[in-house]
Structures are given as structure tokens and as C-alpha cells.
$ cat target-v5.txt   # compact mmCIF, C-alpha atoms
# COMPACT_ATOMS: atom_id res chain seq x y z
CA MET A 245 47.57 -35.08 -13.52
CA ALA A 246 46.88 -34.90 -9.80
CA ASP A 247 45.45 -31.38 -10.20
CA LEU A 248 43.15 -32.54 -13.00
CA ALA A 249 41.94 -35.44 -10.89
CA LEU A 250 41.21 -33.06 -7.99
CA LEU A 251 39.19 -30.74 -10.24
CA GLU A 252 37.26 -33.73 -11.58
CA ASP A 253 36.44 -34.89 -8.05
CA VAL A 254 35.17 -31.39 -7.12
CA ALA A 255 33.08 -31.18 -10.31
CA ASN A 256 31.52 -34.58 -9.68
CA GLY A 257 30.67 -33.73 -6.08
CA ARG A 258 33.01 -36.25 -4.52
CA ILE A 259 34.76 -33.43 -2.68
CA ARG A 260 32.52 -30.74 -1.13
CA SER A 261 33.63 -27.16 -1.65
CA GLU A 262 33.79 -25.09 1.50
CA ARG A 263 30.86 -22.73 2.05
CA ILE A 264 31.86 -19.07 2.19
CA PHE A 265 29.88 -16.79 4.50
CA ARG A 266 29.92 -13.05 3.99
CA GLN A 267 30.54 -10.67 6.86
CA GLN A 268 27.16 -9.32 8.01
CA GLU A 269 27.11 -5.70 9.13
CA ASP A 270 25.36 -4.64 12.34
CA LEU A 271 22.89 -2.32 10.63
CA LEU A 272 21.20 -1.20 13.85
CA ALA A 273 24.47 0.31 15.03
CA ASN A 274 23.73 3.27 12.76
CA GLU A 275 21.81 6.41 13.75
CA ASP A 276 18.04 6.73 13.32
CA GLU A 277 18.49 9.19 10.45
CA TRP A 278 20.53 6.62 8.52
CA LEU A 279 18.06 3.83 9.30
CA MET A 280 15.06 5.89 8.20
CA SER A 281 16.72 6.86 4.93
CA ARG A 282 17.11 3.17 4.05
CA PHE A 283 14.35 1.37 5.94
CA ARG A 284 11.87 4.22 6.66
CA LEU A 285 11.61 3.36 10.36
CA PRO A 286 13.75 4.32 13.40
CA ARG A 287 15.56 1.79 15.58
CA ALA A 288 12.85 1.46 18.26
CA VAL A 289 10.11 0.73 15.70
CA LEU A 290 12.34 -1.70 13.80
CA LEU A 291 13.02 -3.64 17.00
CA ASP A 292 9.28 -3.79 17.78
CA LEU A 293 8.61 -5.07 14.26
CA CYS A 294 11.31 -7.74 14.57
CA GLY A 295 9.83 -8.82 17.90
CA LEU A 296 6.40 -9.17 16.30
CA LEU A 297 7.68 -11.14 13.30
CA GLY A 298 10.34 -13.14 15.11
CA PRO A 299 8.32 -16.27 15.96
CA ALA A 300 7.31 -16.73 12.32
CA LEU A 301 10.76 -16.02 10.87
CA GLN A 302 13.02 -18.00 13.22
CA ARG A 303 13.85 -21.29 11.55
CA SER A 304 15.06 -24.42 13.29
CA THR A 305 18.20 -25.57 11.50
CA ARG A 306 21.20 -27.73 12.28
CA ARG A 307 23.40 -25.47 10.17
CA ASN A 308 25.28 -22.47 11.43
CA HIS A 309 24.87 -18.99 9.97
CA ALA A 310 21.06 -18.96 9.70
CA VAL A 311 19.90 -15.52 8.55
CA PRO A 312 18.95 -13.53 11.68
CA VAL A 313 15.37 -12.20 11.95
CA LEU A 314 16.68 -8.64 12.05
CA LEU A 315 18.53 -9.08 8.76
CA GLN A 316 15.52 -10.72 7.11
CA VAL A 317 13.30 -7.81 8.12
CA LEU A 318 15.75 -5.04 7.24
CA THR A 319 16.63 -6.36 3.79
CA THR A 320 12.93 -6.71 2.98
CA LEU A 321 12.21 -3.19 4.23
CA GLY A 322 15.17 -1.96 2.21
CA PHE A 323 13.53 -3.30 -0.93
CA LEU A 324 10.12 -1.83 -0.06
CA ALA A 325 11.64 1.55 0.77
CA THR A 326 13.74 1.89 -2.37
CA GLY A 327 12.66 -0.64 -4.98
CA THR A 328 16.36 -1.42 -5.51
CA PHE A 329 17.30 -4.68 -7.23
CA GLN A 330 17.55 -7.62 -4.84
CA ARG A 331 21.17 -8.35 -5.74
CA GLU A 332 22.29 -4.87 -4.70
CA LEU A 333 20.38 -5.06 -1.40
CA ALA A 334 21.76 -8.52 -0.67
CA ASP A 335 25.34 -7.37 -1.30
CA ARG A 336 24.88 -4.47 1.14
CA SER A 337 23.51 -6.79 3.81
CA GLY A 338 26.10 -9.56 3.45
CA ILE A 339 23.75 -12.25 2.14
CA SER A 340 23.21 -13.72 -1.30
CA GLN A 341 20.47 -12.68 -3.71
CA PRO A 342 18.86 -16.17 -3.67
CA THR A 343 18.76 -16.00 0.13
CA LEU A 344 17.00 -12.63 0.04
CA SER A 345 14.57 -13.99 -2.54
CA ARG A 346 13.74 -16.87 -0.19
CA VAL A 347 13.26 -14.84 2.99
CA MET A 348 11.29 -11.92 1.56
CA PRO A 349 7.98 -13.80 0.99
CA ASP A 350 7.96 -14.94 4.64
CA VAL A 351 8.58 -11.40 5.90
CA LEU A 352 5.79 -10.03 3.69
CA LYS A 353 3.45 -12.79 4.86
CA GLY A 354 4.23 -12.01 8.50
CA ILE A 355 3.56 -8.29 8.01
CA ILE A 356 0.29 -8.94 6.15
CA ALA A 357 -0.87 -11.27 8.96
CA SER A 358 -1.14 -8.22 11.24
CA SER A 359 -3.27 -6.23 8.77
CA HIS A 360 -6.52 -7.05 10.61
CA ASP A 361 -5.20 -5.18 13.64
CA SER A 362 -3.59 -2.25 11.83
CA ILE A 363 -6.01 -1.53 8.96
CA LYS A 364 -9.56 -1.17 10.30
CA PHE A 365 -12.62 0.42 8.73
CA PRO A 366 -14.75 2.36 11.27
CA TYR A 367 -18.06 0.49 11.31
CA THR A 368 -19.14 1.29 14.88
CA ALA A 369 -20.41 4.66 16.13
CA GLY A 370 -17.54 4.88 18.59
CA GLU A 371 -14.93 4.35 15.88
CA GLN A 372 -16.65 6.84 13.59
CA ALA A 373 -16.95 9.67 16.11
CA ASN A 374 -13.26 10.57 16.02
CA LYS A 375 -13.09 10.30 12.21
CA LYS A 376 -16.07 12.64 11.82
CA ALA A 377 -14.65 15.14 14.32
CA GLN A 378 -11.31 15.23 12.45
CA PHE A 379 -12.88 15.93 9.05
CA ALA A 380 -15.28 18.52 10.52
CA ALA A 381 -12.45 20.36 12.31
CA MET A 382 -10.05 20.31 9.37
CA TYR A 383 -12.40 20.81 6.43
CA GLY A 384 -15.80 21.83 7.81
CA PHE A 385 -17.44 18.84 6.12
CA PRO A 386 -19.98 17.01 8.32
CA ASN A 387 -20.30 13.27 9.05
CA VAL A 388 -17.31 12.15 6.94
CA ILE A 389 -15.79 8.82 7.99
CA GLY A 390 -13.22 8.59 5.19
CA ALA A 391 -12.13 9.51 1.67
CA ILE A 392 -11.76 6.97 -1.14
CA ASP A 393 -9.75 6.78 -4.36
CA CYS A 394 -7.71 4.29 -6.37
CA THR A 395 -4.07 4.36 -7.37
CA HIS A 396 -2.10 2.31 -9.90
CA VAL A 397 1.05 0.33 -9.11
CA ALA A 398 3.08 -0.36 -12.26
CA ILE A 399 4.06 -3.98 -12.95
CA ARG A 400 5.82 -5.99 -15.62
CA ALA A 401 3.49 -7.35 -18.31
CA PRO A 402 2.17 -10.65 -16.89
CA ASN A 403 2.10 -13.88 -18.84
CA VAL A 404 -1.61 -14.49 -18.24
CA ASN A 405 -4.46 -12.11 -19.21
CA GLU A 406 -1.97 -9.39 -20.10
CA ASN A 407 -4.52 -7.04 -21.70
CA THR A 408 -6.63 -6.80 -18.54
CA PHE A 409 -3.69 -5.20 -16.73
CA ILE A 410 -3.32 -2.30 -19.20
CA ASN A 411 -4.84 0.85 -17.70
CA ARG A 412 -6.03 4.06 -19.39
CA LYS A 413 -2.48 5.45 -19.34
CA HIS A 414 -1.43 2.41 -21.41
CA PHE A 415 0.88 0.73 -18.89
CA HIS A 416 0.43 -2.52 -16.96
CA SER A 417 -0.66 -2.07 -13.37
CA ILE A 418 -2.61 -3.22 -10.34
CA ASN A 419 -5.47 -0.85 -9.46
CA VAL A 420 -5.43 -0.43 -5.66
CA GLN A 421 -8.38 0.94 -3.68
CA ILE A 422 -7.44 3.22 -0.78
CA ILE A 423 -9.72 4.59 1.97
CA CYS A 424 -8.13 6.88 4.54
CA ASP A 425 -9.07 9.16 7.43
CA ALA A 426 -8.05 12.76 8.08
CA ASP A 427 -4.83 11.62 9.80
CA MET A 428 -3.72 9.78 6.62
CA LEU A 429 -4.26 6.40 8.23
CA LEU A 430 -5.37 3.68 5.82
CA THR A 431 -8.71 2.22 6.90
CA ASN A 432 -9.20 -0.02 3.85
CA VAL A 433 -6.89 -1.32 1.12
CA VAL A 434 -7.98 -3.59 -1.75
CA ALA A 435 -5.10 -4.86 -3.89
CA ARG A 436 -6.23 -7.64 -6.23
CA TRP A 437 -7.67 -6.08 -9.40
CA PRO A 438 -5.86 -5.52 -12.74
CA GLY A 439 -5.24 -2.02 -14.06
CA SER A 440 -8.17 -1.95 -16.49
CA THR A 441 -10.70 -2.41 -13.68
CA HIS A 442 -12.87 0.67 -13.01
CA ASP A 443 -12.68 2.22 -9.54
CA SER A 444 -16.42 1.89 -8.95
CA PHE A 445 -16.29 -1.84 -9.82
CA ILE A 446 -13.59 -2.40 -7.20
CA LEU A 447 -15.66 -0.62 -4.55
CA ARG A 448 -18.82 -2.50 -5.48
CA HIS A 449 -17.06 -5.85 -5.12
CA SER A 450 -15.10 -5.00 -1.96
CA SER A 451 -16.22 -6.05 1.51
CA VAL A 452 -16.55 -2.39 2.54
CA GLY A 453 -18.71 -1.56 -0.48
CA ARG A 454 -20.97 -4.54 0.08
CA ARG A 455 -21.42 -3.83 3.78
CA LEU A 456 -22.12 -0.13 3.26
CA GLU A 457 -24.60 -0.93 0.51
CA ALA A 458 -26.32 -3.34 2.89
CA GLY A 459 -26.77 -0.52 5.43
CA ALA A 460 -23.89 -1.19 7.83
CA ILE A 461 -23.63 2.57 8.49
CA ARG A 462 -26.72 4.71 9.02
CA ASP A 463 -25.14 8.06 9.81
CA GLY A 464 -21.93 8.81 7.94
CA TRP A 465 -20.45 8.75 4.47
CA LEU A 466 -17.35 8.47 2.37
CA LEU A 467 -16.15 11.16 -0.02
CA GLY A 468 -15.21 10.12 -3.55
CA ASP A 469 -14.61 11.69 -6.96
CA SER A 470 -16.94 11.58 -9.95
CA GLY A 471 -15.69 8.12 -10.90
CA TYR A 472 -17.91 6.75 -8.14
CA PRO A 473 -21.72 6.63 -8.02
CA LEU A 474 -23.61 8.95 -5.71
CA LYS A 475 -24.89 6.92 -2.75
CA GLN A 476 -26.40 7.69 0.62
CA TRP A 477 -23.09 6.49 2.07
CA LEU A 478 -20.86 8.00 -0.66
CA LEU A 479 -20.94 11.70 -1.57
CA THR A 480 -19.57 12.78 -4.94
CA PRO A 481 -19.28 16.27 -6.53
CA PHE A 482 -21.82 17.84 -8.87
CA LEU A 483 -20.69 17.07 -12.41
CA SER A 484 -22.00 20.38 -13.81
CA PRO A 485 -22.59 22.83 -10.95
CA HIS A 486 -25.02 25.58 -11.88
CA SER A 487 -25.56 27.55 -8.67
CA ALA A 488 -23.25 29.25 -6.20
CA GLU A 489 -24.33 26.68 -3.60
CA GLU A 490 -23.34 23.77 -5.83
CA ARG A 491 -19.98 25.35 -6.62
CA HIS A 492 -19.33 25.96 -2.92
CA TYR A 493 -20.26 22.35 -2.14
CA ASN A 494 -17.83 21.13 -4.82
CA MET A 495 -15.06 23.32 -3.40
CA CYS A 496 -15.59 21.98 0.14
CA HIS A 497 -15.86 18.43 -1.17
CA SER A 498 -12.65 18.75 -3.21
CA ARG A 499 -10.74 20.22 -0.27
CA ALA A 500 -11.77 17.39 2.06
CA CYS A 501 -11.43 14.62 -0.52
CA ALA A 502 -7.88 15.76 -1.38
CA ILE A 503 -6.67 14.06 1.81
CA VAL A 504 -6.76 10.69 0.05
CA GLU A 505 -4.53 12.02 -2.75
CA ARG A 506 -2.03 13.29 -0.18
CA THR A 507 -2.20 9.96 1.64
CA ILE A 508 -1.45 8.06 -1.56
CA GLY A 509 1.48 10.40 -2.22
CA LEU A 510 2.83 9.77 1.29
CA PHE A 511 2.21 6.02 0.96
CA LYS A 512 4.15 5.78 -2.29
CA GLY A 513 6.78 8.26 -1.18
CA ARG A 514 7.56 6.23 1.91
CA TRP A 515 7.60 2.88 0.06
CA ARG A 516 9.19 3.78 -3.25
CA CYS A 517 8.88 0.29 -4.71
CA LEU A 518 5.24 1.32 -5.42
CA ASP A 519 6.22 4.51 -7.24
CA CYS A 520 6.41 4.11 -11.02
CA THR A 521 9.07 6.85 -11.25
CA GLY A 522 11.43 4.25 -9.80
CA GLY A 523 10.43 1.67 -12.40
CA ARG A 524 7.91 -1.15 -12.32
CA LEU A 525 7.70 -4.15 -10.03
CA LEU A 526 9.16 -7.19 -11.79
CA TYR A 527 6.98 -9.77 -10.06
CA THR A 528 3.77 -11.65 -10.72
CA PRO A 529 0.52 -9.74 -10.04
CA GLU A 530 -0.12 -11.98 -7.01
CA LYS A 531 3.21 -11.09 -5.42
CA VAL A 532 2.79 -7.40 -6.24
CA CYS A 533 -0.52 -7.46 -4.37
CA GLN A 534 1.28 -8.93 -1.35
CA ILE A 535 3.90 -6.18 -1.55
CA VAL A 536 1.18 -3.51 -1.64
CA LEU A 537 -0.62 -4.93 1.40
CA ALA A 538 2.62 -5.21 3.39
CA CYS A 539 3.46 -1.60 2.55
CA ALA A 540 -0.03 -0.56 3.69
CA VAL A 541 0.48 -2.17 7.10
CA LEU A 542 3.91 -0.53 7.45
CA HIS A 543 2.46 2.84 6.39
CA ASN A 544 0.01 2.71 9.30
CA VAL A 545 2.76 1.62 11.68
CA ALA A 546 4.78 4.68 10.68
CA GLN A 547 1.76 7.00 10.96
CA LEU A 548 0.76 5.73 14.40
CA LYS A 549 4.35 6.13 15.60
CA ASN A 550 4.54 9.65 14.09
CA VAL A 551 7.50 8.66 11.92
CA PRO A 552 8.26 11.47 9.44
CA LEU A 553 9.12 10.94 5.80
CA PRO A 554 12.90 11.22 5.31
CA PRO A 555 14.11 14.28 3.35
CA GLY A 556 14.14 13.64 -0.38
CA ALA A 557 11.76 10.69 -0.11
CA ASP A 558 8.65 12.58 -1.20
CA CYS A 559 6.68 10.97 -3.98
CA CYS A 560 7.07 12.30 -7.52
CA VAL A 561 4.36 10.20 -9.16
CA GLY A 562 2.18 11.77 -11.80
CA PRO A 563 -1.60 11.66 -11.62
CA ASP A 564 -3.24 8.27 -11.80
CA PRO A 565 -5.44 7.46 -14.79
CA GLU A 566 -8.79 9.22 -14.26
CA PRO A 567 -11.80 6.88 -14.39
CA HIS A 568 -14.76 7.79 -16.56
CA PRO A 569 -17.47 9.64 -14.59
CA HIS A 570 -20.03 7.22 -13.28
CA ALA A 571 -23.02 7.25 -15.61
CA CYS A 572 -25.69 5.46 -13.53
CA GLU A 573 -28.64 7.55 -12.38
CA PRO A 574 -28.39 8.07 -8.58
CA ASN A 575 -31.36 7.19 -6.43
CA ALA A 576 -33.62 9.96 -5.15
CA ALA A 577 -32.62 9.52 -1.50
CA ALA A 578 -28.92 10.03 -2.34
CA VAL A 579 -29.75 13.16 -4.37
CA ARG A 580 -31.80 14.61 -1.49
CA GLN A 581 -29.03 13.85 0.98
CA ARG A 582 -26.39 15.63 -1.11
CA LEU A 583 -28.68 18.66 -1.40
CA GLU A 584 -29.13 18.68 2.37
CA VAL A 585 -25.37 18.55 2.93
CA MET A 586 -24.93 21.35 0.39
CA ARG A 587 -27.38 23.54 2.38
CA ARG A 588 -25.62 22.74 5.64
CA LEU A 589 -22.30 23.81 4.12
$ encode --input "target-v5.txt" --output "C-alpha cells"
Amino acid sequence: MADLALLEDVANGRIRSERIFRQQEDLLANEDEWLMSRFRLPRAVLLDLCGLLGPALQRSTRRNHAVPVLLQVLTTLGFLATGTFQRELADRSGISQPTLSRVMPDVLKGIIASSHDSIKFPYTAGEQANKKAQFAAMYGFPNVIGAIDCTHVAIRAPNVNENTFINRKHFHSINVQIICDADMLLTNVVARWPGSTHDSFILRHSSVGRRLEAGAIRDGWLLGDSGYPLKQWLLTPFLSPHSAEERHYNMCHSRACAIVERTIGLFKGRWRCLDCTGGRLLYTPEKVCQIVLACAVLHNVAQLKNVPLPPGADCCVGPDPEPHPHACEPNAAAVRQRLEVMRRL
């Protein structure tokens, strides 16, 4: 009878059960190779990142065993790097799955807050000079300040406006705009449109597209595929090349524009949660967009620190759904400019 009374008291909350804390492993005690295979960054870069995010992640609490900043950051990076279920990551790190679920949004928010410093589009002549020199040296294409394309991140079917998220490959996704330079640095990322949205629509409604259309850049252009309209600031290939000059232009254009495809492959290969071969992201579209932006910031951190992709982490994604060729008639100035570039090539 006494045992039954004790169980009843515990069930009714009259006696508090003792909290059990798991043993937390010192993950940074491992070698850089091990850290990069699980978190994609070496020890020095991880410590810098924790120092940057620390003020936002340290919580004042009267309880013991608050989750350290380092553990919050590493478990979040572990998810971004692998796309593994939260419960498995939490078990490895010595915390509970609900705890990981609570800390991850704050870590993502902290990373995204630094995006203005790490993801910058080159609007000034000084910023453009190096971009142009890189493309000219590597591909022989003049005045290029970046290459643009979109990529799809697979998601679970959302509860609201489900049909708008179905892309041309018939799966639910977020269509993400990527602009990069010749060093595979991301200079613009737009992650907020459902999978059915056309690439050219995303560009037209992005801050970069609006500013370029308004004449923010007078001497320089982006390279994009035939899904985009020909503009004075955006060069596209000839849809039906007839002359040797046009075919040569298309070859040079394709070779230079391919850098954005390689960048997307590296981006998704480094942060495998974005790669549909590992499954789809089981979150709301809004949270998926946050995950994409955080991964973009971390991609640039890794590129600037010359962090290589770990062996076996290369991206195996298939081609993204191809947008329909843009059907609008280009203006005469854009046509003349492309012809001039073709002659220069």
C-alpha cells in the first residue's frame, strides 16, 4: 500500500522526480578531420563562430546544466551538415531532442543576422573590379560581375497553398535564387518563393533585380541561362545560334555560367540537409527558408577560410527543374550589347 501511495504522489506531482542529465562529450577534443566530417568546419573556425554567436545564445538561468553555446552551435551544424533526424543528433551530443529543437532556431537566427556582412552583391566599381578580373582570367568573358541560377530545396508538403510549392519535377520545394562570383562565393541568395515560381519572376522581384533594372550598375553584367530575359545587365545565350560567332559566344557563355552550377553543387554538398538525395526537410516553408539562409552564410565562411569539402561529402543531386525559356522580346539595346560582346569574344 505504501508503494502505491508513493506512485500516486509522484503521478500527481506532489513529489518531484529527479532530473537526469546526460553526460556531454567534449566534441572539440577531436581532430579537425573528424570535426569537418560532422560539422563541416575545423576547430579554429568553429571557435570563431561560437565567439560571434555567444552573446545571443548565452541565457541567464538560475538552473544548472544550461546548454553551452558550443554545444548549441555544434548540434545545429551537425543537422545542417547531414540532415540527420534531430533525435539522433541530440543523442550523440548528450542532450534531449526537445532541447535541440528549442536551441536550433536561435542558432539559425544568430547566423542569419551576420548575412549582411558575409553575403554582399558588388554594386560599387571597386567591388566589381576583382569580380570582373576573376571571370576574365578564368573564362575570357569580359565585364562579368556574377552568374545567376535557381535551385530547388525539397520540403514536406505544406498545409497552406500546397499546390504552389509543386515544381516542374512534381515535388514540393522552395525555389532559391543564387548569384555567385568566380571564387564560388555567394553574393546574393533569395529564399522565400515556392517551387512553382519561375526563376525570372524571382529575379524581377528581388532587391538585386530591381536595383539593376533601375540602373545601379552601368558597366557590368550577370550571366544567366535562357530562363532569364536578355537585359543590358544580364547576358543570356542565343536560343537558336545560326553563325559560328553565335555558337562560339554560347560556348564561352556556358563555360563561364557553369560556375554557378558548381557553386550550387558545393553549397548542397557541404550542407547536405539541402540535398534532396538525403530526403526532404520536414519543416514549414518559413523555417526551411531560414535554414537555407543560414547555410548560405556558413558556405561563405567556409569559402573565405579556404575550408575544403570533406571526402565523400560531394553533392549527388540531379539537375534542377529547367525553367521555360523566357519568351519576352528583348529590348534593342540589350540585343546590340550581346552582339558587341559576341564580337569581342
$ atom_distance --input "target-v5.txt" --atom1 "atom CA of A:Thr441" --atom2 "atom CA of A:Gly327"
25.0 Å
$ residues_near_point --input "target-v5.txt" --point "(3.3, -14.9, 10.0)" --cutoff "7 Å" --atoms "all atoms listed in the file" --output "VMD selection string"
chain A and resid 297 300 353 to 355 357
$ atom_distance --input "target-v5.txt" --atom1 "atom CA of A:Met280" --atom2 "atom CA of A:Leu324"
12.3 Å
$ atom_distance --input "target-v5.txt" --atom1 "atom CA of A:Ile418" --atom2 "atom CA of A:Glu505"
17.1 Å
$ closest_residue --input "target-v5.txt" --among "A:Arg524, A:Lys475, A:His492, A:Arg499" --to "A:Arg582" --atoms "only C-alpha atoms"
A:Lys475
$ closest_residue --input "target-v5.txt" --among "A:Pro312, A:Pro299, A:Gly322, A:Gly513" --to "A:Phe283" --atoms "all atoms listed in the file"
A:Gly322
$ residues_near_point --input "target-v5.txt" --point "(11.1, 12.6, 5.6)" --cutoff "10 Å" --atoms "only C-alpha atoms" --output "PDB file with C-alpha atoms, keeping the file's coordinate frame"
ATOM      1  CA  GLU A 277      18.490   9.190  10.450  1.00  0.00           C
ATOM      2  CA  MET A 280      15.060   5.890   8.200  1.00  0.00           C
ATOM      3  CA  SER A 281      16.720   6.860   4.930  1.00  0.00           C
ATOM      4  CA  ARG A 284      11.870   4.220   6.660  1.00  0.00           C
ATOM      5  CA  LEU A 510       2.830   9.770   1.290  1.00  0.00           C
ATOM      6  CA  GLY A 513       6.780   8.260  -1.180  1.00  0.00           C
ATOM      7  CA  ARG A 514       7.560   6.230   1.910  1.00  0.00           C
ATOM      8  CA  VAL A 551       7.500   8.660  11.920  1.00  0.00           C
ATOM      9  CA  PRO A 552       8.260  11.470   9.440  1.00  0.00           C
ATOM     10  CA  LEU A 553       9.120  10.940   5.800  1.00  0.00           C
ATOM     11  CA  PRO A 554      12.900  11.220   5.310  1.00  0.00           C
ATOM     12  CA  PRO A 555      14.110  14.280   3.350  1.00  0.00           C
ATOM     13  CA  GLY A 556      14.140  13.640  -0.380  1.00  0.00           C
ATOM     14  CA  ALA A 557      11.760  10.690  -0.110  1.00  0.00           C
ATOM     15  CA  ASP A 558       8.650  12.580  -1.200  1.00  0.00           C
TER      16      ASP A 558
END
$ residues_around --input "target-v5.txt" --residues "A:Ile422" --least-positions-apart "2" --cutoff "7 Å" --atoms "all atoms listed in the file" --output "ChimeraX atom specification"
/A:392-394,420,424,430,432-434
$ residues_around --input "target-v5.txt" --residues "A:Tyr383" --least-positions-apart "4" --cutoff "9 Å" --atoms "all atoms listed in the file" --output "PyMOL selection string"
chain A and resi 378-379+496-497+499-500
$ closest_residue --input "target-v5.txt" --among "A:Ala391, A:Met428, A:Leu344, A:Leu589" --to "A:Glu489" --atoms "all atoms listed in the file"
A:Leu589
$ closest_residue --input "target-v5.txt" --among "A:Leu318, A:Ala435, A:Ala401, A:Val579" --to "A:Cys533" --atoms "all atoms listed in the file"
A:Ala435
$ closest_residue --input "target-v5.txt" --among "A:Leu321, A:Leu456, A:Leu478, A:Ala273" --to "A:Pro349" --atoms "all atoms listed in the file"
A:Leu321
